[in-house]
Amino acid sequence: MNILAVDTSGEACSAALLIGTELRQRLAREPRRHGELVLTMMDGLLAEAGIGLTRLDALAFGRGPGSFTGVRIATSVVQGAAYGAELPVVPVSTLAALAQGYFRSNGSSRVLAAFDARMGELYWGSYLLGDGDLMRAAGAEEVASPEAVALPAGGSWSGVGGGWATYGEVLRGRLGSRLLAVTPDTLCESRDVAVLAAAELAQGHWVTAEQARPLYLRERVTSSG
């Protein structure tokens, strides 16, 4: 399966190319240059592999939650490329990709992923390792205060993501001895978006370029309230 994935949802901008089992990634921590860098990264990866967009099976992107502007950049870039090449698009949760990356680097099978959502809230999701060494949501992703986010029912967990840097004290107090480790500086990376996207695509879970949309958890809460 050939998939080109991008993520610009946070501090890092990255693009990754999955060709069969071979995975290449380019990443830069320059938040003000996402729009400029992501296209260069995409073109560079395709040139390095010696293939064009039409040789891909799909495009994937980190759909959010994350920076409003950043998520919109990834969405628009992938929409444009997918439309021109008539490719399917796989939107991937950035919280899930963050958890997948933490499993990749640390082997943790129970992960509490959190991004700082500002305004005293965080974006939050619980993930368990499932079949194929893929992280699966153990509950609904949400935006809430650290005092109100839903904690998993049992087991020991690892905390990952920038939300732990801002609200770690409250979260540690709530979890107590069930918290094994906290790694707040872990980034969402497009190589993990690509891995999750491959599994989704294999199950027929994709959208057209026109249907690709960012995920704004705060907007979803507001519209449902």
# chains A, B, ... in the order shown; residues from 1 in each chain; ligands from 1
>>> residues_around(residues="segment 82-85 of chain A", least_positions_apart="3", cutoff="9 Å", atoms="only C-alpha atoms", output="PyMOL selection string")
chain A and resi 53-54+58-59+77-79+88-89+208-210
>>> residues_around(residues="segment 118-128 of chain A", least_positions_apart="5", cutoff="6 Å", atoms="only C-alpha atoms", output="list in words")
Ser109, Arg110, Val111, Leu112, Ala113, Met135, Arg136, Ala137, Ala138, Glu141, Glu142, Val143, Ala144, Ser145 and Gly163 of chain A
>>> write_last_selection(atoms="all heavy atoms", output="mmCIF file, in the first residue's frame")
data_model
loop_
_atom_site.group_PDB
_atom_site.id
_atom_site.type_symbol
_atom_site.label_atom_id
_atom_site.label_comp_id
_atom_site.auth_asym_id
_atom_site.auth_seq_id
_atom_site.Cartn_x
_atom_site.Cartn_y
_atom_site.Cartn_z
ATOM 1 N N SER A 109 1.416 0.196 25.871
ATOM 2 C CA SER A 109 0.178 -0.313 25.280
ATOM 3 C C SER A 109 -1.073 0.372 25.812
ATOM 4 O O SER A 109 -2.175 0.127 25.318
ATOM 5 C CB SER A 109 0.068 -1.819 25.522
ATOM 6 O OG SER A 109 0.052 -2.106 26.918
ATOM 7 N N ARG A 110 -0.925 1.227 26.820
ATOM 8 C CA ARG A 110 -2.049 1.994 27.374
ATOM 9 C C ARG A 110 -1.619 3.454 27.466
ATOM 10 O O ARG A 110 -0.751 3.800 28.267
ATOM 11 C CB ARG A 110 -2.434 1.488 28.764
ATOM 12 C CG ARG A 110 -2.988 0.066 28.782
ATOM 13 C CD ARG A 110 -3.088 -0.444 30.218
ATOM 14 N NE ARG A 110 -3.734 -1.738 30.288
ATOM 15 C CZ ARG A 110 -5.015 -1.936 30.557
ATOM 16 N NH1 ARG A 110 -5.792 -0.891 30.805
ATOM 17 N NH2 ARG A 110 -5.518 -3.134 30.593
ATOM 18 N N VAL A 111 -2.224 4.289 26.642
ATOM 19 C CA VAL A 111 -1.744 5.671 26.505
ATOM 20 C C VAL A 111 -2.885 6.668 26.680
ATOM 21 O O VAL A 111 -3.962 6.498 26.095
ATOM 22 C CB VAL A 111 -1.082 5.880 25.123
ATOM 23 C CG1 VAL A 111 -0.649 7.332 24.949
ATOM 24 C CG2 VAL A 111 0.125 4.950 24.963
ATOM 25 N N LEU A 112 -2.626 7.704 27.465
ATOM 26 C CA LEU A 112 -3.545 8.827 27.633
ATOM 27 C C LEU A 112 -2.936 10.019 26.903
ATOM 28 O O LEU A 112 -1.953 10.598 27.351
ATOM 29 C CB LEU A 112 -3.746 9.144 29.111
ATOM 30 C CG LEU A 112 -4.327 8.002 29.960
ATOM 31 C CD1 LEU A 112 -4.337 8.385 31.432
ATOM 32 C CD2 LEU A 112 -5.734 7.649 29.487
ATOM 33 N N ALA A 113 -3.494 10.350 25.733
ATOM 34 C CA ALA A 113 -2.952 11.406 24.892
ATOM 35 C C ALA A 113 -3.667 12.721 25.161
ATOM 36 O O ALA A 113 -4.896 12.756 25.257
ATOM 37 C CB ALA A 113 -3.103 11.017 23.416
ATOM 38 N N MET A 135 -2.866 1.336 17.846
ATOM 39 C CA MET A 135 -3.575 1.908 18.983
ATOM 40 C C MET A 135 -5.023 2.187 18.606
ATOM 41 O O MET A 135 -5.306 2.757 17.551
ATOM 42 C CB MET A 135 -2.899 3.198 19.443
ATOM 43 C CG MET A 135 -1.464 3.021 19.916
ATOM 44 S SD MET A 135 -1.292 1.852 21.305
ATOM 45 C CE MET A 135 -1.878 2.853 22.663
ATOM 46 N N ARG A 136 -5.929 1.775 19.489
ATOM 47 C CA ARG A 136 -7.358 1.948 19.272
ATOM 48 C C ARG A 136 -7.969 2.765 20.403
ATOM 49 O O ARG A 136 -7.571 2.620 21.569
ATOM 50 C CB ARG A 136 -8.059 0.587 19.200
ATOM 51 C CG ARG A 136 -7.513 -0.338 18.121
ATOM 52 C CD ARG A 136 -7.717 0.234 16.729
ATOM 53 N NE ARG A 136 -7.336 -0.712 15.676
ATOM 54 C CZ ARG A 136 -7.274 -0.413 14.392
ATOM 55 N NH1 ARG A 136 -7.564 0.825 13.997
ATOM 56 N NH2 ARG A 136 -6.915 -1.320 13.496
ATOM 57 N N ALA A 137 -8.940 3.594 20.072
ATOM 58 C CA ALA A 137 -9.582 4.435 21.086
ATOM 59 C C ALA A 137 -10.307 3.578 22.108
ATOM 60 O O ALA A 137 -11.053 2.657 21.746
ATOM 61 C CB ALA A 137 -10.548 5.401 20.420
ATOM 62 N N ALA A 138 -10.086 3.886 23.384
ATOM 63 C CA ALA A 138 -10.763 3.183 24.469
ATOM 64 C C ALA A 138 -11.979 3.963 24.955
ATOM 65 O O ALA A 138 -12.663 3.543 25.883
ATOM 66 C CB ALA A 138 -9.799 2.944 25.628
ATOM 67 N N GLU A 141 -13.000 10.715 22.111
ATOM 68 C CA GLU A 141 -12.116 11.863 22.245
ATOM 69 C C GLU A 141 -12.944 13.061 22.704
ATOM 70 O O GLU A 141 -14.112 13.185 22.332
ATOM 71 C CB GLU A 141 -11.439 12.168 20.910
ATOM 72 C CG GLU A 141 -10.527 11.056 20.437
ATOM 73 C CD GLU A 141 -9.879 11.333 19.093
ATOM 74 O OE1 GLU A 141 -10.315 12.301 18.410
ATOM 75 O OE2 GLU A 141 -8.955 10.608 18.727
ATOM 76 N N GLU A 142 -12.348 13.931 23.508
ATOM 77 C CA GLU A 142 -13.130 15.034 24.063
ATOM 78 C C GLU A 142 -12.265 16.259 24.307
ATOM 79 O O GLU A 142 -11.031 16.188 24.308
ATOM 80 C CB GLU A 142 -13.783 14.592 25.378
ATOM 81 C CG GLU A 142 -12.791 14.187 26.451
ATOM 82 C CD GLU A 142 -13.470 13.782 27.751
ATOM 83 O OE1 GLU A 142 -14.443 14.440 28.146
ATOM 84 O OE2 GLU A 142 -13.005 12.811 28.373
ATOM 85 N N VAL A 143 -12.929 17.378 24.511
ATOM 86 C CA VAL A 143 -12.279 18.585 24.980
ATOM 87 C C VAL A 143 -12.965 18.961 26.280
ATOM 88 O O VAL A 143 -14.188 19.064 26.351
ATOM 89 C CB VAL A 143 -12.354 19.726 23.933
ATOM 90 C CG1 VAL A 143 -13.794 20.048 23.546
ATOM 91 C CG2 VAL A 143 -11.650 20.971 24.459
ATOM 92 N N ALA A 144 -12.171 19.111 27.332
ATOM 93 C CA ALA A 144 -12.728 19.391 28.657
ATOM 94 C C ALA A 144 -11.619 19.892 29.564
ATOM 95 O O ALA A 144 -10.440 19.865 29.206
ATOM 96 C CB ALA A 144 -13.372 18.135 29.249
ATOM 97 N N SER A 145 -11.996 20.343 30.743
ATOM 98 C CA SER A 145 -11.003 20.751 31.733
ATOM 99 C C SER A 145 -10.293 19.506 32.261
ATOM 100 O O SER A 145 -10.839 18.395 32.193
ATOM 101 C CB SER A 145 -11.684 21.480 32.886
ATOM 102 O OG SER A 145 -12.445 20.569 33.657
ATOM 103 N N GLY A 163 -0.512 18.507 26.545
ATOM 104 C CA GLY A 163 -1.512 18.765 27.575
ATOM 105 C C GLY A 163 -1.021 18.389 28.957
ATOM 106 O O GLY A 163 -1.443 18.976 29.959
#
>>> select_by_dssp(residues="chain A", states="strand (DSSP E or B)", output="number ranges by chain")
A: 2-7, 13-19, 22-28, 58-64, 89-93, 110-118, 121-129, 135-137, 142-144, 157-160, 179-183, 207
>>> closest_residue(among="A:Ala96, A:Leu17, A:Val170, A:Ala74", to="Ala140 of chain A", atoms="only C-alpha atoms")
A:Ala96
>>> closest_residue(among="A:Arg218, A:Val6, A:Met1, A:Gly161", to="Thr21 of chain A", atoms="only C-alpha atoms")
A:Met1
>>> atom_distance(atom1="atom CA of Ala197 of chain A", atom2="atom CA of Val92 of chain A")
6.4 Å
>>> closest_residue(among="A:Ala12, A:Ile73, A:Val38, A:Ser156", to="Ala181 of chain A", atoms="only C-alpha atoms")
A:Ser156
>>> select_by_dssp(residues="segment 39-117 of chain A", states="alpha helix (DSSP H)", output="CSV table (one decimal) with all heavy atoms, in the first residue's frame")
chain,number,residue,atom,x,y,z
A,39,LEU,N,4.5,21.3,1.6
A,39,LEU,CA,4.5,21.0,0.1
A,39,LEU,C,5.9,20.6,-0.4
A,39,LEU,O,6.0,19.7,-1.2
A,39,LEU,CB,4.0,22.2,-0.7
A,39,LEU,CG,2.6,22.6,-0.5
A,39,LEU,CD1,2.3,23.9,-1.1
A,39,LEU,CD2,1.7,21.5,-1.2
A,40,THR,N,6.9,21.2,0.2
A,40,THR,CA,8.3,20.9,-0.2
A,40,THR,C,8.6,19.5,0.3
A,40,THR,O,9.3,18.7,-0.4
A,40,THR,CB,9.3,21.9,0.4
A,40,THR,OG1,9.0,23.2,0.0
A,40,THR,CG2,10.7,21.5,0.1
A,41,MET,N,8.2,19.2,1.5
A,41,MET,CA,8.4,17.8,2.0
A,41,MET,C,7.7,16.7,1.2
A,41,MET,O,8.3,15.7,0.9
A,41,MET,CB,7.9,17.7,3.5
A,41,MET,CG,8.7,18.5,4.5
A,41,MET,SD,7.9,18.4,6.1
A,41,MET,CE,9.1,19.3,7.1
A,42,MET,N,6.5,17.0,0.8
A,42,MET,CA,5.7,16.0,0.0
A,42,MET,C,6.4,15.8,-1.3
A,42,MET,O,6.6,14.7,-1.8
A,42,MET,CB,4.3,16.6,-0.2
A,42,MET,CG,3.4,16.6,1.0
A,42,MET,SD,1.9,17.5,0.8
A,42,MET,CE,1.0,16.5,-0.4
A,43,ASP,N,6.8,16.9,-2.0
A,43,ASP,CA,7.5,16.8,-3.3
A,43,ASP,C,8.8,16.0,-3.2
A,43,ASP,O,9.1,15.2,-4.0
A,43,ASP,CB,7.7,18.2,-3.9
A,43,ASP,CG,6.4,18.8,-4.4
A,43,ASP,OD1,5.4,18.1,-4.5
A,43,ASP,OD2,6.4,20.1,-4.5
A,44,GLY,N,9.5,16.4,-2.1
A,44,GLY,CA,10.8,15.7,-1.9
A,44,GLY,C,10.7,14.2,-1.7
A,44,GLY,O,11.5,13.5,-2.2
A,45,LEU,N,9.7,13.8,-0.9
A,45,LEU,CA,9.6,12.4,-0.6
A,45,LEU,C,9.2,11.6,-1.9
A,45,LEU,O,9.7,10.5,-2.2
A,45,LEU,CB,8.5,12.2,0.4
A,45,LEU,CG,8.9,12.5,1.9
A,45,LEU,CD1,7.6,12.6,2.8
A,45,LEU,CD2,9.9,11.5,2.4
A,46,LEU,N,8.3,12.2,-2.7
A,46,LEU,CA,7.9,11.5,-3.9
A,46,LEU,C,9.1,11.5,-4.9
A,46,LEU,O,9.3,10.4,-5.6
A,46,LEU,CB,6.7,12.3,-4.6
A,46,LEU,CG,5.4,12.2,-3.8
A,46,LEU,CD1,4.4,13.2,-4.4
A,46,LEU,CD2,4.8,10.8,-3.8
A,47,ALA,N,9.8,12.5,-5.0
A,47,ALA,CA,11.0,12.5,-5.9
A,47,ALA,C,12.0,11.5,-5.5
A,47,ALA,O,12.6,10.8,-6.3
A,47,ALA,CB,11.6,13.9,-6.0
A,48,GLU,N,12.3,11.4,-4.2
A,48,GLU,CA,13.2,10.5,-3.6
A,48,GLU,C,12.8,9.1,-3.9
A,48,GLU,O,13.7,8.2,-4.2
A,48,GLU,CB,13.3,10.7,-2.1
A,48,GLU,CG,14.4,10.0,-1.4
A,48,GLU,CD,14.4,10.3,0.1
A,48,GLU,OE1,14.9,11.4,0.4
A,48,GLU,OE2,13.9,9.5,0.9
A,49,ALA,N,11.5,8.8,-3.9
A,49,ALA,CA,11.0,7.4,-4.1
A,49,ALA,C,10.9,7.2,-5.6
A,49,ALA,O,10.7,6.0,-6.0
A,49,ALA,CB,9.7,7.2,-3.4
A,68,PHE,N,-5.9,25.3,15.1
A,68,PHE,CA,-7.0,25.6,14.1
A,68,PHE,C,-6.3,25.8,12.8
A,68,PHE,O,-6.7,25.2,11.8
A,68,PHE,CB,-7.8,26.8,14.6
A,68,PHE,CG,-8.9,27.1,13.6
A,68,PHE,CD1,-10.2,26.5,13.7
A,68,PHE,CD2,-8.7,28.1,12.7
A,68,PHE,CE1,-11.2,26.9,12.9
A,68,PHE,CE2,-9.7,28.5,11.8
A,68,PHE,CZ,-11.0,27.8,11.9
A,69,THR,N,-5.4,26.7,12.7
A,69,THR,CA,-4.7,27.1,11.5
A,69,THR,C,-3.9,25.9,10.9
A,69,THR,O,-4.0,25.6,9.7
A,69,THR,CB,-3.8,28.3,11.7
A,69,THR,OG1,-4.5,29.4,12.1
A,69,THR,CG2,-3.1,28.6,10.4
A,70,GLY,N,-3.2,25.2,11.8
A,70,GLY,CA,-2.4,24.1,11.3
A,70,GLY,C,-3.2,22.9,10.7
A,70,GLY,O,-2.9,22.4,9.7
A,71,VAL,N,-4.3,22.6,11.4
A,71,VAL,CA,-5.2,21.5,10.9
A,71,VAL,C,-5.8,21.9,9.5
A,71,VAL,O,-5.9,21.1,8.6
A,71,VAL,CB,-6.3,21.2,11.9
A,71,VAL,CG1,-7.2,20.2,11.3
A,71,VAL,CG2,-5.6,20.6,13.1
A,72,ARG,N,-6.1,23.2,9.4
A,72,ARG,CA,-6.7,23.6,8.1
A,72,ARG,C,-5.6,23.6,7.0
A,72,ARG,O,-6.0,23.3,5.8
A,72,ARG,CB,-7.2,25.1,8.2
A,72,ARG,CG,-8.5,25.2,9.0
A,72,ARG,CD,-8.9,26.6,9.2
A,72,ARG,NE,-9.2,27.3,7.9
A,72,ARG,CZ,-10.3,27.3,7.3
A,72,ARG,NH1,-11.4,26.6,7.8
A,72,ARG,NH2,-10.5,27.9,6.1
A,73,ILE,N,-4.4,23.8,7.3
A,73,ILE,CA,-3.3,23.7,6.3
A,73,ILE,C,-3.2,22.3,5.7
A,73,ILE,O,-3.2,22.1,4.5
A,73,ILE,CB,-2.0,24.2,6.9
A,73,ILE,CG1,-1.9,25.7,7.1
A,73,ILE,CG2,-0.8,23.8,5.9
A,73,ILE,CD1,-0.7,26.2,7.9
A,74,ALA,N,-3.1,21.3,6.7
A,74,ALA,CA,-3.0,19.9,6.2
A,74,ALA,C,-4.2,19.5,5.4
A,74,ALA,O,-4.1,18.8,4.4
A,74,ALA,CB,-2.9,19.0,7.4
A,75,THR,N,-5.4,19.9,5.8
A,75,THR,CA,-6.6,19.6,5.1
A,75,THR,C,-6.6,20.1,3.7
A,75,THR,O,-6.9,19.4,2.7
A,75,THR,CB,-7.9,20.1,5.9
A,75,THR,OG1,-7.9,19.6,7.2
A,75,THR,CG2,-9.2,19.6,5.2
A,76,SER,N,-6.3,21.4,3.6
A,76,SER,CA,-6.4,22.1,2.2
A,76,SER,C,-5.3,21.5,1.3
A,76,SER,O,-5.6,21.3,0.1
A,76,SER,CB,-6.2,23.6,2.4
A,76,SER,OG,-5.0,23.9,3.0
A,77,VAL,N,-4.1,21.2,1.8
A,77,VAL,CA,-3.0,20.7,1.0
A,77,VAL,C,-3.4,19.3,0.5
A,77,VAL,O,-3.3,19.0,-0.7
A,77,VAL,CB,-1.7,20.6,1.8
A,77,VAL,CG1,-0.7,19.7,1.1
A,77,VAL,CG2,-1.2,22.0,2.0
A,78,VAL,N,-3.9,18.5,1.4
A,78,VAL,CA,-4.3,17.1,0.9
A,78,VAL,C,-5.5,17.1,0.0
A,78,VAL,O,-5.6,16.4,-1.0
A,78,VAL,CB,-4.6,16.2,2.2
A,78,VAL,CG1,-5.3,15.0,1.8
A,78,VAL,CG2,-3.3,15.9,2.9
A,79,GLN,N,-6.5,18.0,0.3
A,79,GLN,CA,-7.6,18.1,-0.6
A,79,GLN,C,-7.2,18.5,-2.0
A,79,GLN,O,-7.7,17.9,-3.0
A,79,GLN,CB,-8.6,19.2,-0.1
A,79,GLN,CG,-9.5,18.8,1.0
A,79,GLN,CD,-10.5,19.9,1.4
A,79,GLN,OE1,-10.1,21.0,1.5
A,79,GLN,NE2,-11.7,19.5,1.7
A,80,GLY,N,-6.3,19.5,-2.1
A,80,GLY,CA,-5.9,19.9,-3.5
A,80,GLY,C,-5.1,18.8,-4.2
A,80,GLY,O,-5.4,18.5,-5.4
A,81,ALA,N,-4.2,18.1,-3.5
A,81,ALA,CA,-3.5,17.0,-4.1
A,81,ALA,C,-4.4,15.8,-4.5
A,81,ALA,O,-4.2,15.3,-5.6
A,81,ALA,CB,-2.3,16.6,-3.2
A,82,ALA,N,-5.3,15.5,-3.6
A,82,ALA,CA,-6.1,14.3,-3.9
A,82,ALA,C,-7.1,14.6,-5.0
A,82,ALA,O,-7.4,13.7,-5.8
A,82,ALA,CB,-6.9,14.0,-2.6
A,83,TYR,N,-7.6,15.8,-5.1
A,83,TYR,CA,-8.6,16.2,-6.1
A,83,TYR,C,-7.9,16.1,-7.5
A,83,TYR,O,-8.5,15.5,-8.4
A,83,TYR,CB,-9.1,17.6,-5.9
A,83,TYR,CG,-10.2,18.0,-6.9
A,83,TYR,CD1,-11.5,17.6,-6.7
A,83,TYR,CD2,-9.8,18.8,-8.0
A,83,TYR,CE1,-12.5,18.0,-7.6
A,83,TYR,CE2,-10.8,19.2,-8.9
A,83,TYR,CZ,-12.1,18.8,-8.7
A,83,TYR,OH,-13.1,19.1,-9.6
A,84,GLY,N,-6.7,16.6,-7.6
A,84,GLY,CA,-6.0,16.6,-8.9
A,84,GLY,C,-5.6,15.2,-9.3
A,84,GLY,O,-5.7,14.9,-10.5
A,85,ALA,N,-5.3,14.4,-8.4
A,85,ALA,CA,-4.8,13.0,-8.7
A,85,ALA,C,-6.0,12.0,-8.6
A,85,ALA,O,-5.7,10.8,-8.8
A,85,ALA,CB,-3.7,12.6,-7.8
A,94,THR,N,-5.3,13.1,15.3
A,94,THR,CA,-3.9,13.4,15.8
A,94,THR,C,-3.7,12.8,17.2
A,94,THR,O,-2.5,12.5,17.5
A,94,THR,CB,-3.8,14.9,15.8
A,94,THR,OG1,-4.8,15.5,16.5
A,94,THR,CG2,-3.7,15.5,14.4
A,95,LEU,N,-4.7,12.7,18.0
A,95,LEU,CA,-4.5,12.0,19.3
A,95,LEU,C,-4.2,10.6,19.2
A,95,LEU,O,-3.3,10.1,19.9
A,95,LEU,CB,-5.8,12.2,20.2
A,95,LEU,CG,-6.1,13.6,20.7
A,95,LEU,CD1,-7.5,13.7,21.3
A,95,LEU,CD2,-5.1,14.0,21.8
A,96,ALA,N,-4.8,9.9,18.2
A,96,ALA,CA,-4.5,8.5,18.0
A,96,ALA,C,-3.1,8.3,17.4
A,96,ALA,O,-2.4,7.4,17.8
A,96,ALA,CB,-5.5,7.9,17.0
A,97,ALA,N,-2.7,9.3,16.5
A,97,ALA,CA,-1.4,9.2,16.0
A,97,ALA,C,-0.3,9.5,17.0
A,97,ALA,O,0.8,8.8,17.0
A,97,ALA,CB,-1.2,10.2,14.8
A,98,LEU,N,-0.6,10.4,17.9
A,98,LEU,CA,0.3,10.6,19.1
A,98,LEU,C,0.5,9.4,19.9
A,98,LEU,O,1.6,9.0,20.3
A,98,LEU,CB,-0.3,11.8,19.9
A,98,LEU,CG,0.6,12.2,21.1
A,98,LEU,CD1,1.9,12.9,20.6
A,98,LEU,CD2,-0.2,13.2,22.0
A,99,ALA,N,-0.6,8.7,20.2
A,99,ALA,CA,-0.6,7.4,21.0
A,99,ALA,C,0.2,6.4,20.2
A,99,ALA,O,1.0,5.6,20.8
A,99,ALA,CB,-2.0,7.0,21.3
A,100,GLN,N,0.0,6.3,18.9
A,100,GLN,CA,0.7,5.3,18.1
A,100,GLN,C,2.2,5.6,18.1
A,100,GLN,O,3.0,4.6,18.2
A,100,GLN,CB,0.2,5.4,16.6
A,100,GLN,CG,0.7,4.3,15.7
A,100,GLN,CD,0.3,2.9,16.1
A,100,GLN,OE1,-0.8,2.7,16.5
A,100,GLN,NE2,1.1,1.9,15.8
A,101,GLY,N,2.6,6.8,18.0
A,101,GLY,CA,4.0,7.2,18.1
A,101,GLY,C,4.6,6.8,19.4
A,101,GLY,O,5.8,6.4,19.5
A,102,TYR,N,3.8,7.0,20.5
A,102,TYR,CA,4.4,6.7,21.8
A,102,TYR,C,4.6,5.2,21.9
A,102,TYR,O,5.6,4.7,22.5
A,102,TYR,CB,3.5,7.2,22.9
A,102,TYR,CG,4.1,7.2,24.3
A,102,TYR,CD1,5.2,8.1,24.5
A,102,TYR,CD2,3.7,6.4,25.3
A,102,TYR,CE1,5.8,8.1,25.7
A,102,TYR,CE2,4.3,6.5,26.5
A,102,TYR,CZ,5.4,7.3,26.7
A,102,TYR,OH,6.0,7.4,28.0
A,103,PHE,N,3.7,4.4,21.4
A,103,PHE,CA,3.9,2.9,21.4
A,103,PHE,C,5.1,2.6,20.6
A,103,PHE,O,5.9,1.7,21.0
A,103,PHE,CB,2.6,2.2,20.8
A,103,PHE,CG,2.9,0.8,20.4
A,103,PHE,CD1,3.1,-0.2,21.4
A,103,PHE,CD2,3.0,0.4,19.1
A,103,PHE,CE1,3.4,-1.5,21.1
A,103,PHE,CE2,3.3,-0.9,18.7
A,103,PHE,CZ,3.5,-1.9,19.7
A,104,ARG,N,5.3,3.2,19.4
A,104,ARG,CA,6.4,2.9,18.5
A,104,ARG,C,7.7,3.2,19.3
A,104,ARG,O,8.7,2.4,19.1
A,104,ARG,CB,6.3,3.8,17.3
A,104,ARG,CG,7.6,3.8,16.4
A,104,ARG,CD,7.4,4.7,15.2
A,104,ARG,NE,6.8,6.0,15.4
A,104,ARG,CZ,7.5,7.0,15.9
A,104,ARG,NH1,8.8,6.9,16.2
A,104,ARG,NH2,6.9,8.2,16.1
A,105,SER,N,7.8,4.3,20.0
A,105,SER,CA,9.1,4.7,20.6
A,105,SER,C,9.3,4.1,22.0
A,105,SER,O,10.4,3.9,22.5
A,105,SER,CB,9.2,6.2,20.7
A,105,SER,OG,8.1,6.7,21.5
A,106,ASN,N,8.2,3.8,22.7
A,106,ASN,CA,8.3,3.3,24.1
A,106,ASN,C,7.7,2.0,24.4
A,106,ASN,O,7.9,1.4,25.5
A,106,ASN,CB,7.7,4.4,25.1
A,106,ASN,CG,8.5,5.7,25.1
A,106,ASN,OD1,9.4,5.8,25.8
A,106,ASN,ND2,8.1,6.6,24.3
